[in-house]
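This is start39.tsv (TSV, C-alpha atoms).
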chain	number	residue	atom	x	y	z
A	1	MET	CA	5.05	-11.13	49.66
A	2	LYS	CA	3.29	-10.78	46.34
A	3	GLN	CA	0.10	-8.73	46.29
A	4	PHE	CA	-3.12	-9.72	44.56
A	5	THR	CA	-4.63	-7.81	41.69
A	6	LYS	CA	-8.31	-6.96	42.20
A	7	ALA	CA	-9.38	-9.93	40.05
A	8	GLU	CA	-7.04	-12.29	41.91
A	9	GLU	CA	-8.33	-11.08	45.26
A	10	ASP	CA	-11.94	-11.62	44.17
A	11	ILE	CA	-11.16	-15.23	43.29
A	12	MET	CA	-9.15	-15.81	46.46
A	13	GLN	CA	-12.04	-14.48	48.56
A	14	ILE	CA	-14.28	-17.07	46.90
A	15	LEU	CA	-11.76	-19.89	47.38
A	16	TRP	CA	-11.27	-18.96	51.03
A	17	ARG	CA	-15.03	-19.11	51.52
A	18	LEU	CA	-15.59	-22.35	49.57
A	19	LYS	CA	-12.31	-24.06	50.59
A	20	LYS	CA	-12.25	-25.99	47.26
A	21	ALA	CA	-13.88	-25.26	43.91
A	22	ASN	CA	-13.60	-25.81	40.21
A	23	VAL	CA	-13.73	-22.88	37.78
A	24	LYS	CA	-17.46	-23.31	37.20
A	25	ALA	CA	-18.20	-23.16	40.95
A	26	ILE	CA	-16.03	-20.05	41.29
A	27	ILE	CA	-17.93	-18.32	38.48
A	28	GLU	CA	-21.27	-19.17	40.12
A	29	GLU	CA	-20.21	-17.14	43.17
A	30	PHE	CA	-19.82	-13.91	41.18
A	31	LYS	CA	-22.65	-11.42	40.84
A	32	GLU	CA	-23.89	-10.49	37.37
A	33	PRO	CA	-22.30	-9.88	35.00
A	34	LYS	CA	-20.29	-13.02	35.64
A	35	PRO	CA	-16.76	-13.21	34.23
A	36	ALA	CA	-15.98	-15.50	31.30
A	37	TYR	CA	-14.84	-19.05	32.00
A	38	ASN	CA	-11.49	-18.45	30.26
A	39	THR	CA	-10.88	-15.31	32.31
A	40	VAL	CA	-11.40	-17.10	35.63
A	41	SER	CA	-9.40	-20.09	34.47
A	42	THR	CA	-6.47	-17.86	33.49
A	43	ILE	CA	-6.54	-15.97	36.80
A	44	VAL	CA	-6.63	-19.21	38.78
A	45	ARG	CA	-3.58	-20.47	36.85
A	46	ILE	CA	-1.80	-17.17	37.61
A	47	LEU	CA	-2.60	-17.62	41.32
A	48	GLU	CA	-1.22	-21.16	41.05
A	49	SER	CA	2.02	-19.89	39.45
A	50	LYS	CA	2.36	-17.32	42.26
A	51	GLY	CA	2.03	-20.08	44.86
A	52	PHE	CA	-1.32	-19.02	46.31
A	53	VAL	CA	-3.43	-21.85	44.86
A	54	ASP	CA	-2.98	-25.53	44.08
A	55	TYR	CA	-5.29	-28.12	42.60
A	56	GLU	CA	-6.38	-31.74	42.69
A	57	LYS	CA	-7.36	-33.65	39.59
A	58	GLU	CA	-11.04	-34.50	39.55
A	59	GLY	CA	-12.16	-36.39	36.47
A	60	LYS	CA	-11.08	-34.36	33.47
A	61	GLY	CA	-10.89	-31.13	35.44
A	62	HIS	CA	-9.26	-29.54	38.44
A	63	VAL	CA	-10.51	-28.56	41.85
A	64	TYR	CA	-8.59	-25.58	43.22
A	65	PHE	CA	-7.85	-24.72	46.82
A	66	PRO	CA	-5.94	-21.90	48.57
A	67	LEU	CA	-2.45	-22.60	49.90
A	68	MET	CA	-2.44	-19.50	52.09
A	69	GLU	CA	-4.94	-18.88	54.85
A	70	LYS	CA	-6.97	-15.68	54.61
A	71	GLN	CA	-5.80	-14.64	58.10
A	72	ASP	CA	-2.13	-14.95	57.10
A	73	TYR	CA	-2.64	-12.86	53.97
A	74	SER	CA	-4.64	-10.27	55.93
A	75	ASN	CA	-1.91	-9.95	58.55
A	76	GLN	CA	0.81	-9.50	55.91
A	77	SER	CA	-1.29	-6.96	54.00
A	78	ILE	CA	-2.02	-4.91	57.12
A	79	ASN	CA	1.64	-4.92	58.11
A	80	LYS	CA	2.62	-3.76	54.63
A	81	LEU	CA	0.00	-0.99	54.78
A	82	VAL	CA	1.27	0.19	58.16
A	83	ASP	CA	4.91	0.09	57.02
A	84	ASN	CA	4.29	1.87	53.71
A	85	TYR	CA	1.84	4.56	54.80
A	86	PHE	CA	2.24	4.99	58.56
A	87	GLN	CA	6.01	4.52	59.08
A	88	GLY	CA	5.38	1.24	60.89
A	89	SER	CA	3.18	2.85	63.54
A	90	PHE	CA	-0.14	1.16	64.27
A	91	LYS	CA	-0.93	4.11	66.53
A	92	SER	CA	-0.63	6.47	63.52
A	93	MET	CA	-2.83	4.17	61.45
A	94	VAL	CA	-5.56	4.00	64.10
A	95	SER	CA	-5.40	7.75	64.60
A	96	PHE	CA	-5.74	8.28	60.85
A	97	PHE	CA	-8.80	6.03	60.60
A	98	VAL	CA	-10.44	7.57	63.66
A	99	LYS	CA	-10.04	11.07	62.20
A	100	LYS	CA	-10.97	10.22	58.61
A	101	ASN	CA	-13.97	8.09	59.48
A	102	ASP	CA	-15.43	10.44	62.10
A	103	MET	CA	-15.25	7.74	64.74
A	104	ASN	CA	-16.77	8.81	68.03
A	105	ILE	CA	-15.52	8.00	71.54
A	106	LYS	CA	-18.16	5.31	72.02
A	107	ASP	CA	-17.01	3.48	68.89
A	108	LEU	CA	-13.36	3.78	69.91
A	109	GLU	CA	-14.14	2.45	73.40
A	110	SER	CA	-15.93	-0.49	71.78
A	111	VAL	CA	-12.84	-1.28	69.71
A	112	LEU	CA	-10.63	-1.03	72.80
A	113	ASN	CA	-12.95	-3.38	74.71
A	114	GLU	CA	-12.67	-5.93	71.88
A	115	ILE	CA	-8.87	-5.67	71.99
A	116	ASN	CA	-8.85	-6.07	75.77
A	117	LYS	CA	-11.04	-9.19	75.51
A	118	LYS	CA	-8.49	-10.81	73.18
A	119	ASP	CA	-5.62	-9.96	75.55
A	120	SER	CA	-7.41	-11.60	78.51
Could you render the structure as structure tokens?
Amino acid sequence: MKQFTKAEEDIMQILWRLKKANVKAIIEEFKEPKPAYNTVSTIVRILESKGFVDYEKEGKGHVYFPLMEKQDYSNQSINKLVDNYFQGSFKSMVSFFVKKNDMNIKDLESVLNEINKKDS
């Protein structure tokens, strides 16, 4: 799976939220300073060439939409992270984050309760 650059990910986050948008609408979602129209247009075309985005003609312009669901990309990214940095062990990953983020027992129990709810 291809990974996003930071700029590509920013645009994908906007498209996932909006579902469909033209370049102008994407730019409106950015905080100041907003990127240039040509910059966003170029990045959207790169995302299209990578197979993450497609478009529909609307008048003289295009309305872009994501081809991959955010959840699917998130799952693939997490799996790649676990494989590359934790030898495929989710247990090692969770242990790392608990230690590095000073997570207390109460927080960990809360996470476990959320997991158990999903399994039920």
Within 12 Å of stretch 19-30 of chain A using only C-alpha atoms, minus same-chain residues under 5 positions, as a VMD selection string: chain A and resid 7 to 8 10 to 14 35 to 45 53 to 70
Distance of atom CA of A:Leu108 from atom CA of A:Val94, expressed in Å to one decimal place: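 Taking atom CA of A:Val94 and atom CA of A:Leu108, their separation equals 9.7 Å.
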Stretch 78-86 of chain A environment, 12 Å, all atoms listed in the file, sequence neighbours closer than 5 positions dropped, as a ChimeraX atom specification: /A:1-3,71-73,91-97
One-decimal distance in Å that lies between atom CA of A:Lys99 and atom CA of A:Lys6: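 According to the coordinates, atom CA of A:Lys6 and atom CA of A:Lys99 are separated by 27.0 Å.
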For atom CA of A:Gly88 and atom CA of A:Gln76, the interatomic separation in Å (one decimal): 12.7 Å
